[in-house]
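Note sheet for the following structure.
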Amino acid sequence: MSITIEQIDHLAHLARLELTSVEKKKYQKDISAILEYVKKIQEIHEKTPKIIMPTGADSVVRADIVANCPDDEREAIINAFPEKERNLNKVKAVFE
Amino acid sequence: MPQSITSIHNSLIKKQLSCQELIKSYLDKIKKNDGKIHAFLEVFGDEAKAKAKEIDAKIAKKEKIGLLEGVPIALKDNLLYKNYIASSGSKILEKYVAPYSATVVKKLEDAEAIFIGRANMDEFAMGSSTENSAYGPTKNPHDLSRVPGGSSGGSAAAVAAEMCVAALGSDTGGSIRQPAAFCGIVGLKPTYGAISRYGLIAMSSSLDQIGPLAKTVEDVEIIFNAIKGPDVKDATSLETKSEKATKKIKIGIPKDYFVSGLDPQIKKNILATVEKIKKDGAEIKEISLPHTDYALAAYYLIMPAEVSSNLARFDGVKYGLSSRDKAKNLLEMYNKTRANGFGAEAKRRIILGTFALSSGYYDAYYKKARQVQEIIKQDFVKAFKDVDFLITPTTPTTAFKLGEMTNDPLTMYLSDIFTVSVNLAGLPAISIPNGMIDKLPVGLQIIGRPFEEKNLFELGKIIEKYAK
């Protein structure tokens, strides 16, 4: 299956990724080739077995208890904000 | 200079060697050789020396030291080590400082191992050569014109060049085993769930596993035992079930792995070792994993789908690179941050994964790939009713040249053809050095039943002896 430049544009928009025209052409070619290869899975028509975990694992739940974040870790997380005001993370307006 | 964990430990406690001398010798080797190899993105020289001094003081006071105490270990750059940069080989995290340590890092810290540096890797563990690192490729210590494999190429090269005793890596489709094979060392991809992934920068969460790389099976086993076990911070981690050693072992040789595309010399090399195991009393049986041919295709849909989801968090809002100055609005900030921060392979897989999950294609691609994954798992379940282990080559070729495959992503992906099935099925597998072809190492892969790592080590130690 080959993919069009318009599809690449659409996927890049969904993925919030700005691409140059050179990149678009390159990914159109690369992804078409990869899709051509991976489509072989569509040859399989066997009934799918029930999904089992090879490890026999089951759903894991834990008690709903608040665990405090150590102060130094909280500070490090706040320090990593690209832009901040006091301890608040500053971002561009969501609504214009 | 002693090289194995046990011999280092014995030398330290017998005071034949001080920890400071030990660390100095490794730092000297890094200084001398890493300019050419580029296994490390950062060397923790001063910290390592300070830690060694503390350990020497303990020994002088006749305090008991643990087996891993003072042993220099390298960390793959996607593992969080509190207060140090973890960039996952990406520009988008170039200045990101880990606010906490990964569980595996914490466990090794508690065992008083010494972290000697941060090892290079393909960006976000996407690659088979380390050529996708934003910080330049690592070279294979056996031949500097060749790749060390990837994505844990820095970890493997650092061990092979004796710039650390062991390293941690991560394996999503072969990223520990393939570089171990290319660099002539031992690499373990543990059972999915055997080791906590808390603090590992995620690539494909249903397939990623952390594991050790070292020169011997014994060292890999020691590190594995130090980092395994359930963790409340990773809901997929489990208690390792009791492992019973096998008596008369039965080994399956999957004929589907000895096909065209496999270097005939590697085939000969692996089958010669199988003959030796047979002479030593193991039962050898040819078996079939009939859906092997579909594994890589399923993998290259499931993995990018998870990549597109996991990498959505790198948006310039909370941490890492943020290209906000010239952006008019929030959407433009996302688009520019990701355009500037991600390398070519990350972008390629994000687009591919977004496609596999997109409306109109989800059923035929992602969902179908998940069904094929189940069928592949069943192949292994059936095989392990009949045999205890499977032996295959780790890779179809020995280490390839730098630049040889960078223009053709699909050909690069094919170098994982013998390793991805194991991740899809969640099984443990180990790559053991099995001699050389034209001065380049060959890796033999042993695949085992879930949580039977101990048995892999037993067989691995036997095979390791043949190669010596």
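Residue numbering restarts at 1 for every chain of the structure tokens, chains are lettered A, B, ... in their displayed order, and ligands are numbered from 1 as they appear.
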
Per-residue nearest contacts of chain A to chain B (7 Å; only C-alpha atoms) as CSV:
```
residue,atom,partner,partner_atom,distance
A:Leu11,CA,B:Ile351,CA,6.0
A:Ala12,CA,B:Ile351,CA,6.4
A:Ala15,CA,B:Thr354,CA,6.7
A:Arg16,CA,B:Asn335,CA,4.9
A:Leu17,CA,B:Asn335,CA,4.5
A:Glu18,CA,B:Asn335,CA,4.9
A:Leu19,CA,B:Ala339,CA,6.6
A:Tyr27,CA,B:Arg348,CA,6.4
A:Ile31,CA,B:Leu352,CA,6.6
A:Ile34,CA,B:Leu410,CA,6.3
A:Tyr37,CA,B:Ala297,CA,6.8
A:Val38,CA,B:Ala297,CA,4.3
A:Lys40,CA,B:Tyr294,CA,7.0
A:Ile41,CA,B:Tyr294,CA,6.0
A:Thr48,CA,B:Gln371,CA,5.8
A:Pro49,CA,B:Glu374,CA,6.5
A:Ile51,CA,B:Glu374,CA,6.2
A:Pro54,CA,B:Gly426,CA,6.5
A:Thr55,CA,B:Pro450,CA,5.9
A:Val60,CA,B:Ala235,CA,5.9
A:Glu73,CA,B:Pro99,CA,5.1
A:Ala76,CA,B:Pro99,CA,5.2
A:Ile77,CA,B:Pro99,CA,6.1
A:Ala80,CA,B:Tyr319,CA,5.1
A:Phe81,CA,B:Tyr319,CA,5.1
A:Pro82,CA,B:Tyr319,CA,5.9
A:Val91,CA,B:Val317,CA,6.6
A:Lys92,CA,B:Leu330,CA,5.3
A:Ala93,CA,B:Leu330,CA,6.6
A:Val94,CA,B:Leu330,CA,6.4
```

Do a neighbour search on B:Ser133 at 10 Å with only C-alpha atoms, toss out local chain neighbours closer than 3 positions, and write the hits as an MDAnalysis selection string. chainID B and resid 88:91 120:127 129:130 136:138 150:151 153 343 345

For the residues in the current selection, export N, CA and C atoms as a PDB file, in the first residue's frame.
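Result saved to selection.pdb:
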```
ATOM      1  N   SER B  88      17.846   9.954  26.802  1.00  0.00           N
ATOM      2  CA  SER B  88      17.331   8.926  25.902  1.00  0.00           C
ATOM      3  C   SER B  88      17.873   9.111  24.481  1.00  0.00           C
ATOM      4  N   GLY B  89      19.085   9.625  24.391  1.00  0.00           N
ATOM      5  CA  GLY B  89      19.720   9.804  23.083  1.00  0.00           C
ATOM      6  C   GLY B  89      19.057  10.849  22.210  1.00  0.00           C
ATOM      7  N   SER B  90      18.238  11.718  22.824  1.00  0.00           N
ATOM      8  CA  SER B  90      17.433  12.670  22.046  1.00  0.00           C
ATOM      9  C   SER B  90      17.769  14.116  22.388  1.00  0.00           C
ATOM     10  N   LYS B  91      17.651  14.986  21.391  1.00  0.00           N
ATOM     11  CA  LYS B  91      17.817  16.432  21.623  1.00  0.00           C
ATOM     12  C   LYS B  91      16.664  16.980  22.476  1.00  0.00           C
ATOM     13  N   ASN B 120      25.599   5.725  25.489  1.00  0.00           N
ATOM     14  CA  ASN B 120      24.932   6.178  24.264  1.00  0.00           C
ATOM     15  C   ASN B 120      23.921   5.142  23.768  1.00  0.00           C
ATOM     16  N   MET B 121      22.970   5.610  22.995  1.00  0.00           N
ATOM     17  CA  MET B 121      21.891   4.740  22.510  1.00  0.00           C
ATOM     18  C   MET B 121      21.208   5.397  21.313  1.00  0.00           C
ATOM     19  N   ASP B 122      20.479   4.603  20.545  1.00  0.00           N
ATOM     20  CA  ASP B 122      19.633   5.178  19.509  1.00  0.00           C
ATOM     21  C   ASP B 122      18.541   5.996  20.188  1.00  0.00           C
ATOM     22  N   GLU B 123      18.149   7.086  19.550  1.00  0.00           N
ATOM     23  CA  GLU B 123      17.158   7.990  20.139  1.00  0.00           C
ATOM     24  C   GLU B 123      15.905   7.221  20.570  1.00  0.00           C
ATOM     25  N   PHE B 124      15.543   7.372  21.827  1.00  0.00           N
ATOM     26  CA  PHE B 124      14.385   6.686  22.422  1.00  0.00           C
ATOM     27  C   PHE B 124      14.410   5.178  22.153  1.00  0.00           C
ATOM     28  N   ALA B 125      15.613   4.621  22.035  1.00  0.00           N
ATOM     29  CA  ALA B 125      15.822   3.180  21.834  1.00  0.00           C
ATOM     30  C   ALA B 125      15.310   2.692  20.483  1.00  0.00           C
ATOM     31  N   MET B 126      15.228   3.612  19.521  1.00  0.00           N
ATOM     32  CA  MET B 126      14.730   3.244  18.192  1.00  0.00           C
ATOM     33  C   MET B 126      15.882   3.095  17.229  1.00  0.00           C
ATOM     34  N   GLY B 127      16.341   1.863  17.078  1.00  0.00           N
ATOM     35  CA  GLY B 127      17.414   1.646  16.125  1.00  0.00           C
ATOM     36  C   GLY B 127      18.188   0.395  16.443  1.00  0.00           C
ATOM     37  N   SER B 129      21.713   0.262  15.612  1.00  0.00           N
ATOM     38  CA  SER B 129      23.112   0.575  15.315  1.00  0.00           C
ATOM     39  C   SER B 129      23.694   1.728  16.139  1.00  0.00           C
ATOM     40  N   THR B 130      22.902   2.392  16.933  1.00  0.00           N
ATOM     41  CA  THR B 130      23.211   3.662  17.648  1.00  0.00           C
ATOM     42  C   THR B 130      23.436   4.841  16.709  1.00  0.00           C
ATOM     43  N   GLY B 136      25.644  11.427  17.993  1.00  0.00           N
ATOM     44  CA  GLY B 136      26.657  10.750  17.186  1.00  0.00           C
ATOM     45  C   GLY B 136      26.736   9.276  17.524  1.00  0.00           C
ATOM     46  N   PRO B 137      27.155   8.451  16.555  1.00  0.00           N
ATOM     47  CA  PRO B 137      27.142   7.001  16.752  1.00  0.00           C
ATOM     48  C   PRO B 137      28.248   6.497  17.667  1.00  0.00           C
ATOM     49  N   THR B 138      28.026   5.317  18.236  1.00  0.00           N
ATOM     50  CA  THR B 138      29.068   4.562  18.940  1.00  0.00           C
ATOM     51  C   THR B 138      29.694   3.631  17.911  1.00  0.00           C
ATOM     52  N   GLY B 150      22.397  -1.976  18.276  1.00  0.00           N
ATOM     53  CA  GLY B 150      21.597  -1.002  19.023  1.00  0.00           C
ATOM     54  C   GLY B 150      20.262  -1.589  19.426  1.00  0.00           C
ATOM     55  N   SER B 151      19.520  -0.950  20.214  1.00  0.00           N
ATOM     56  CA  SER B 151      19.769   0.423  20.589  1.00  0.00           C
ATOM     57  C   SER B 151      20.731   0.570  21.775  1.00  0.00           C
ATOM     58  N   GLY B 153      23.702   0.161  22.166  1.00  0.00           N
ATOM     59  CA  GLY B 153      25.045   0.028  21.592  1.00  0.00           C
ATOM     60  C   GLY B 153      26.128   0.612  22.481  1.00  0.00           C
ATOM     61  N   GLY B 343      14.528  13.293  16.197  1.00  0.00           N
ATOM     62  CA  GLY B 343      15.324  12.934  15.025  1.00  0.00           C
ATOM     63  C   GLY B 343      14.480  12.189  13.995  1.00  0.00           C
ATOM     64  N   GLU B 345      14.341   9.071  12.779  1.00  0.00           N
ATOM     65  CA  GLU B 345      13.709   7.773  13.034  1.00  0.00           C
ATOM     66  C   GLU B 345      12.527   7.919  13.985  1.00  0.00           C
TER      67      GLU B 345
END
```

DSSP on the backbone: what in chain A comes out alpha helix (DSSP H), as a compact mmCIF listing (two decimals) with C-alpha atoms, in the first residue's frame?
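Resulting contents of out_4.txt:
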```txt
# COMPACT_ATOMS: atom_id res chain seq x y z
CA ILE A 5 1.43 13.36 0.70
CA GLU A 6 -2.05 14.44 1.87
CA GLN A 7 -2.15 11.44 4.22
CA ILE A 8 1.30 12.31 5.56
CA ASP A 9 0.03 15.86 6.18
CA HIS A 10 -2.99 14.53 8.03
CA LEU A 11 -0.92 12.10 10.17
CA ALA A 12 1.62 14.82 10.97
CA HIS A 13 -1.22 17.05 12.13
CA LEU A 14 -2.65 14.27 14.33
CA SER A 21 8.45 19.33 2.36
CA VAL A 22 11.66 17.29 2.08
CA GLU A 23 10.69 15.25 5.16
CA LYS A 24 7.18 14.71 3.82
CA LYS A 25 8.52 13.24 0.58
CA LYS A 26 11.01 11.06 2.43
CA TYR A 27 8.41 9.70 4.86
CA GLN A 28 5.94 9.13 2.04
CA LYS A 29 8.52 6.87 0.39
CA ASP A 30 9.75 5.16 3.60
CA ILE A 31 6.33 4.52 5.07
CA SER A 32 4.94 3.23 1.79
CA ALA A 33 7.81 0.70 1.68
CA ILE A 34 7.27 -0.32 5.32
CA LEU A 35 3.50 -0.72 4.81
CA GLU A 36 4.20 -2.83 1.74
CA TYR A 37 6.27 -5.14 3.97
CA VAL A 38 4.00 -5.24 7.02
CA ASP A 71 10.02 17.71 48.52
CA ASP A 72 13.25 17.50 46.56
CA GLU A 73 11.57 15.52 43.79
CA ARG A 74 8.72 18.04 43.63
CA GLU A 75 11.23 20.87 43.40
CA ALA A 76 13.15 19.10 40.64
CA ILE A 77 9.93 18.61 38.68
CA ILE A 78 9.01 22.28 39.06
CA ASN A 79 12.53 23.34 38.09
```

Excluding B:Leu27 and its own-chain neighbours fewer than 4 positions away, which residues fall within 7 Å of it when counting only C-alpha atoms? Please give them as a compact mmCIF listing (two decimals) with C-alpha atoms, in the first residue's frame.
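Saved the output as selection_10.txt:
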```txt
# COMPACT_ATOMS: atom_id res chain seq x y z
CA ILE B 23 37.85 2.74 39.46
CA LYS B 31 39.97 8.34 28.83
CA GLY B 45 34.41 10.42 37.09
```

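Between atom CA of B:Leu213 and atom CA of B:Phe400 lies a distance of 20.3 Å.
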
Residue contacts of B:Val71 (7 Å, only C-alpha atoms) excluding same-chain residues fewer than 6 positions away, as a PyMOL selection string: chain B and resi 5+113-114+165

Go ahead and save the picked residues with N, CA and C atoms, as a PDB file, in the first residue's frame.
```
ATOM      1  N   ILE B   5      32.785  -9.903  38.371  1.00  0.00           N
ATOM      2  CA  ILE B   5      32.272  -9.335  39.620  1.00  0.00           C
ATOM      3  C   ILE B   5      32.825 -10.095  40.827  1.00  0.00           C
ATOM      4  N   ALA B 113      26.848  -0.453  44.056  1.00  0.00           N
ATOM      5  CA  ALA B 113      27.594  -0.476  42.788  1.00  0.00           C
ATOM      6  C   ALA B 113      27.953   0.966  42.445  1.00  0.00           C
ATOM      7  N   ILE B 114      28.945   1.144  41.589  1.00  0.00           N
ATOM      8  CA  ILE B 114      29.369   2.507  41.216  1.00  0.00           C
ATOM      9  C   ILE B 114      28.959   2.788  39.772  1.00  0.00           C
ATOM     10  N   VAL B 165      32.368  -2.940  34.052  1.00  0.00           N
ATOM     11  CA  VAL B 165      32.261  -4.393  34.224  1.00  0.00           C
ATOM     12  C   VAL B 165      30.945  -4.891  33.638  1.00  0.00           C
TER      13      VAL B 165
END
```

Could you state the separation of atom CA of B:Val186 and atom CA of B:Val442 in Å, given to one decimal place? 11.0 Å

Report as a ChimeraX atom specification: the residues of stretch 14-172 of chain B with a DSSP assignment of strand (DSSP E or B), based on the backbone of this structure. /B:40-43,72-76,79,85,97,114-119,140,143,146,166-171

Could you write out the selected residues, including C-alpha atoms, as a short mmCIF file (atom, residue, chain, number, x, y, z; two decimals), in the first residue's frame?
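Contents of again31.cif, as written:
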```
data_model
loop_
_atom_site.label_atom_id
_atom_site.label_comp_id
_atom_site.auth_asym_id
_atom_site.auth_seq_id
_atom_site.Cartn_x
_atom_site.Cartn_y
_atom_site.Cartn_z
CA PHE B 40 29.57 7.28 26.84
CA LEU B 41 27.54 10.47 26.71
CA GLU B 42 28.77 11.43 30.18
CA VAL B 43 31.33 9.94 32.56
CA PRO B 72 31.66 -0.02 37.91
CA ILE B 73 28.43 -0.16 35.93
CA ALA B 74 27.23 1.93 32.96
CA LEU B 75 23.61 3.04 32.62
CA LYS B 76 21.80 3.33 29.33
CA LEU B 79 17.27 5.09 32.72
CA ILE B 85 20.72 13.99 32.86
CA VAL B 97 17.58 16.12 34.79
CA ILE B 114 29.37 2.51 41.22
CA PHE B 115 27.77 4.20 38.21
CA ILE B 116 30.58 5.14 35.91
CA GLY B 117 28.64 6.87 33.16
CA ARG B 118 25.68 7.29 30.89
CA ALA B 119 25.83 5.08 27.78
CA ASN B 140 32.20 -1.32 17.58
CA ASP B 143 36.24 -2.86 14.33
CA ARG B 146 31.41 -1.06 12.16
CA ALA B 166 28.59 -4.48 33.31
CA ALA B 167 25.90 -2.21 31.94
CA LEU B 168 22.15 -1.92 31.97
CA GLY B 169 20.28 -1.74 28.71
CA SER B 170 16.72 -2.06 27.53
CA ASP B 171 15.31 -4.48 24.96
#
```

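The smallest atom-to-atom distance between B:Pro2 and any of B:Leu22, B:Leu80, B:Met405, B:Ala305, using only C-alpha atoms, is found for B:Leu22.
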
Report as a list in words all protein, DNA and RNA residues lying within 10 Å of B:Ser145, evaluated on only C-alpha atoms, omitting residues in the same chain fewer than 2 positions from it. Lys139, Asn140, Pro141, His142, Asp143, Val147, Pro148, Ala399, Phe400, Lys401, Leu402 and Gly403 of chain B

Write a file of the just-selected residues containing N, CA and C atoms, as a CSV table (one decimal), in the first residue's frame.
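Produced file selection.csv, reproduced below:
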```csv
chain,number,residue,atom,x,y,z
B,139,LYS,N,31.0,3.3,18.1
B,139,LYS,CA,31.7,2.4,17.2
B,139,LYS,C,31.9,1.1,17.9
B,140,ASN,N,32.0,0.0,17.0
B,140,ASN,CA,32.2,-1.3,17.6
B,140,ASN,C,33.7,-1.5,18.0
B,141,PRO,N,33.9,-1.8,19.2
B,141,PRO,CA,35.3,-2.0,19.7
B,141,PRO,C,36.2,-3.0,18.9
B,142,HIS,N,35.5,-4.0,18.3
B,142,HIS,CA,36.2,-5.0,17.5
B,142,HIS,C,36.6,-4.5,16.1
B,143,ASP,N,35.9,-3.4,15.6
B,143,ASP,CA,36.2,-2.9,14.3
B,143,ASP,C,35.5,-1.5,14.3
B,147,VAL,N,29.3,-0.8,13.3
B,147,VAL,CA,28.4,-0.4,14.3
B,147,VAL,C,28.4,-1.4,15.5
B,148,PRO,N,28.1,-1.0,16.7
B,148,PRO,CA,28.1,-1.9,17.9
B,148,PRO,C,26.7,-2.6,18.0
B,399,ALA,N,28.3,-7.7,12.8
B,399,ALA,CA,28.2,-6.3,12.8
B,399,ALA,C,28.4,-5.7,11.4
B,400,PHE,N,27.5,-4.8,11.0
B,400,PHE,CA,27.6,-4.2,9.7
B,400,PHE,C,28.4,-2.9,9.8
B,401,LYS,N,28.7,-2.3,8.6
B,401,LYS,CA,29.5,-1.1,8.6
B,401,LYS,C,28.6,0.2,8.9
B,402,LEU,N,29.2,1.1,9.6
B,402,LEU,CA,28.5,2.4,9.8
B,402,LEU,C,28.0,3.0,8.5
B,403,GLY,N,26.8,3.5,8.5
B,403,GLY,CA,26.3,4.1,7.2
B,403,GLY,C,25.7,3.1,6.2
```
